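Structure first, commentary second.
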Amino acid sequence: MKKEYYNVTGMSCAACSSRVQKAVSALAGVTDASVNLLKNSMAVTYDESALSGADIVAAVVKAGYGASPRDSDAGEKKRASAPDPAAEELRRMKTRLFVSLLFTLPLLYLSMGHMLGLPLPAFLLDERNAVAWAFTQFLLAVPVIAVNFTFYRVGFKTLAAGAPNMDSLIALGSGAAALSGVYAIYTLAFALGAGDMETVRRTAGNLYFESSAMILTLITLGKTLEARAKGKTSDAIARLMELAPPTATVVRGGEEYIVPLEQVAAGDVLAVKAGERVPVDGVVTEGHGMVDESALTGESLPQEKVPGDEVTGATTSTFGHFLMRATRVGSDTTLAQIVRLVDEASSSKAPISRLADRISGVFVPVVIAVAVAAAAVWLLLGHSFDFALSIAIAVLVISCPCALGLATPTAIMVGTGRGAAAGILLKSAEAIETAGSVDVVVLDKTGTVTEGKPAVTDVLPAPGVTEDELLTCAASLEKLSEHPLGAAVIREAERRGLALAAVTDFRQTPGRGISGICGGEACAVGNARMLSELKLESPLTARGTALAAAGKTPLFCIRKGALLGLVAVADVLKPTSRQAVAEWEGMGLDVVLLTGDNARTAQSVAREAGIRTVISDVLPQDKEREIRRLQEQGKKVVMVGDGINDAPALARADVGIAIGAGTDIAIESADIVLMKNDLLDAVAAIQLSRAVMRNIRENLFWAFFYNAVGIPVAAGALYSTFGLLLNPMIGAAAMSFSSVSVVSNALRLRFFQPKHLSPREGDAGASGESGKTAGAVPAKAPVPSATQKTRSLPMKSIVIEGMHCMHCSGAVEKALRAVPGVREVSVDLASKTATVEAEGVSDADLSKAVTDAGYEVVSVK
């Protein structure tokens, strides 16, 4: 089997891409064909013994489109530098909309202004100038028709092929209106020549030029709004390629040479200094350093690299200096593989077929049949050809899909605007449609569920030593180390306002820790290996092992040969992550944690967040594969992530949601972007998507309702009984009213508010009780705190010892909420206090609840 990529030209809508895919898939030997409308590309897997690439191109051409093989030898950078199809489409649509409005507005004024009492040029008012009046309208309509001629070209082509789409409806309605106007000009000319002023007056009231232009302009407006909502997925590849440094430092004969990255060959020895990006994949041969791999592996903490360790291209050296031997270069690097995965995953996304396009396949033939049948019936009944023709044109005009064409883009526009106001960027209509029907939420860990940077979680001093004393010693040494874990210790010391001591004789031992003279005393900070080599035994050693088992990194501080205590550092859970998981479970969605971090850390984070399913130790390729595996089980998957390593998975998922604080690559690969870096916004995005799709279905119903009522009237169903025919102006008014109703309905989305569980109910959901009915509260409902002044119940402040992380504060809050009489609880981890709003509750009851939870009460006030 062979897989090839093709560029496809001439596609303008989902029906076009569907037709191309259908034509290629029908070829014998083709096992898979995937067409990407946004990128104007196609991926085809086929049997080379059964057909050739030329046969595939011929099938596309026969379907009415153009195709050419993509140059497989062209570099990724060359492909990424090609113009963005979505941006080009938006530019073209804006030009068409500008020209359409420029001529349609004066045309409407000219054709309908006199009905509103507006002044018109005198030479157009007299009946004897009817031809000039009609011809002026014709001249104004021609530019609108010309600039939007693609509707006619595509519409009639698909109609002739037996696969009509929305363009076919537009072409028929607008074309019929324009042709009837031309016919009316000739009628006016002949009538004036014959002095038949009655025919002049009747014909002058039946010009359809304004209808023809208005149809095209309104649909162009809708298409422009739709093009504006399209994402820029293709930008992800270009941004990925920018991660690779342009040059590398090659060591040859003991000398360093800076060469272009393309000249690096497998086996070359490269030098990497602090602050530089690793050029290619390889193995460290000399020296040591700390490498930030979070963008590629999801590991939240920089990893130490010593001789024999593997390093990956596009990662960043944050500390140290080392030499490496290149093992994989060019298209073989991990970064290049990720680029291919993003490209293939985005290409495999079949465009979502819009409901209106599907219905138009039936609606268009029915409308044509009704128009022809109505004309034929009235002719058989003895009416004139002009009468029968006007009936047929009226049917086509009233059926023209102004409201139908606006039903989707207006709801999309208002929905995306409402989302943007809330910090949720919905990048395409396809994303909105799909997000409303997903059933599995897959979460990245680092930077998505967790904060994405290390923080101090536990400060455990030895007996006789205070926390501040321990932190002062550790932070004073770490200030000289530039180690990321040390930065967390320094931030904690600064938060507590501690004054750091001067350090002399500073030393760093790779793989062990740091040491120096602090305040005139020998001090050191290191890992368990340093502690073992110094043969120091303490009960804190076991605590350090337990903390490590919980996914934290313990740092032991030693002074004058004795253990001063330990400081634990970890990537902590975001404040809203636990509630977001509960929200999804309450909506009936399965939640999965998918991370490149180790199983121990992943399980620890999952327990805190209330996530039941965990997949850990996965590479970027594995993340994409896991998403595909879920999809093969029939699941519709939404992926939430923020790193480069998430880009393939974001592109492969049915819907990709990127945290706004994440990398540009993740943002470009995703379908939805959260600007506020809050998982609750991901919950709101799915709720908003469901609301938009519900609104679209309502819009389509009303659009078809007007057609269902208007078409029979236009066909003359009421003429025999009541003598009523559809006046063109009444038809135009009905069409306008249908559009107004659709737009008004869409504007209701401006008042959309996400419905979230209350914090207490959210905790219950995360513990497995998400099935309970919850009251809706605003997404950003304020949490009562000690600083609020207005209280209806007595307040008590409890100082608690032993809380070190978000899990601890959560446990304390849960214990206090369980006390009868307690109405509200707010726990502040930083000040180690709990503020309780309660009635008829004694201090002893509160103290007992905290003590039973495993924590020590210092005071209750």
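Residues in the structure tokens are named by chain (A, B, ... in the order shown) and by number from 1 within that chain; ligands are numbered from 1 in the order shown.
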
### Task
Identify, on the basis of only C-alpha atoms, every residue whose closest approach to Gln687 in chain A does not exceed 12 Å; exclude the query and any residue fewer than 6 positions from it along the same chain; express the result as a count of residues only.
24

Can you pull out the residues contacting Met11 in chain A? Cut-off 9 Å, using only C-alpha atoms, and skip same-chain residues under 6 positions away; I want them as a compact mmCIF listing (two decimals) with C-alpha atoms, in the first residue's frame.
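Final file, result21.txt:
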```txt
# COMPACT_ATOMS: atom_id res chain seq x y z
CA SER A 17 -14.96 17.95 -0.53
CA VAL A 20 -14.09 14.58 -4.28
CA LEU A 37 -11.34 21.42 2.72
CA ASN A 40 -7.33 22.06 -0.06
CA TYR A 65 -12.20 19.75 -9.68
CA GLY A 66 -8.43 20.02 -10.13
CA VAL A 154 -20.44 25.89 -8.61
```

### Message
Give me, as a ChimeraX atom specification, the residues of range 434-610 of chain A that a backbone DSSP run labels strand (DSSP E).
### Response
/A:440-443,450-461,503-509,513-518,521-526,553-559,562-573,590-594

### Message
I'd like the interatomic distance between CA of Gly716 in chain A and CA of Ile391 in chain A, to a tenth of an Å.
### Response
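For CA of Gly716 in chain A relative to CA of Ile391 in chain A, the distance reads 7.0 Å.
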
### Query
Any idea what the distance is between CA of Ser616 in chain A and CA of Ala550 in chain A?
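CA of Ala550 in chain A lies 14.8 Å from CA of Ser616 in chain A.
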
### Query
Separation of CA of Ile672 in chain A and CA of Arg652 in chain A, in Å?
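Separating CA of Ile672 in chain A from CA of Arg652 in chain A is a distance of 13.6 Å.
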
### Query
Pick the closest to Pro484 in chain A from A:Leu97, A:Ala266, A:Val569, A:Val440: which is it, counting only C-alpha atoms?
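Closest residue, counting only C-alpha atoms: A:Val569.
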
### Task
Would you please work out which residue, of A:Asn695, A:Gln631, A:Thr466, A:Ser331, is nearest to Met413 in chain A when using only C-alpha atoms?
A:Asn695

### Message
Could you list, as a list of chain:residue names, every residue within 8 Å of Ser859 in chain A, counting only C-alpha atoms and ignoring same-chain residues fewer than 5 positions away?
### Response
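Those residues are A:Ile798, A:Val799, A:Ile800.
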
Could you write out that same residue set with N, CA, C and O atoms as a compact mmCIF listing (two decimals), in the first residue's frame?
```txt
# COMPACT_ATOMS: atom_id res chain seq x y z
N ILE A 798 -9.99 29.35 62.27
CA ILE A 798 -9.25 28.23 62.85
C ILE A 798 -7.85 28.20 62.28
O ILE A 798 -7.67 28.13 61.05
N VAL A 799 -6.84 28.26 63.13
CA VAL A 799 -5.44 28.12 62.71
C VAL A 799 -5.07 26.65 62.79
O VAL A 799 -5.22 26.02 63.84
N ILE A 800 -4.62 26.10 61.66
CA ILE A 800 -4.40 24.65 61.56
C ILE A 800 -2.96 24.37 61.16
O ILE A 800 -2.41 24.99 60.24
```
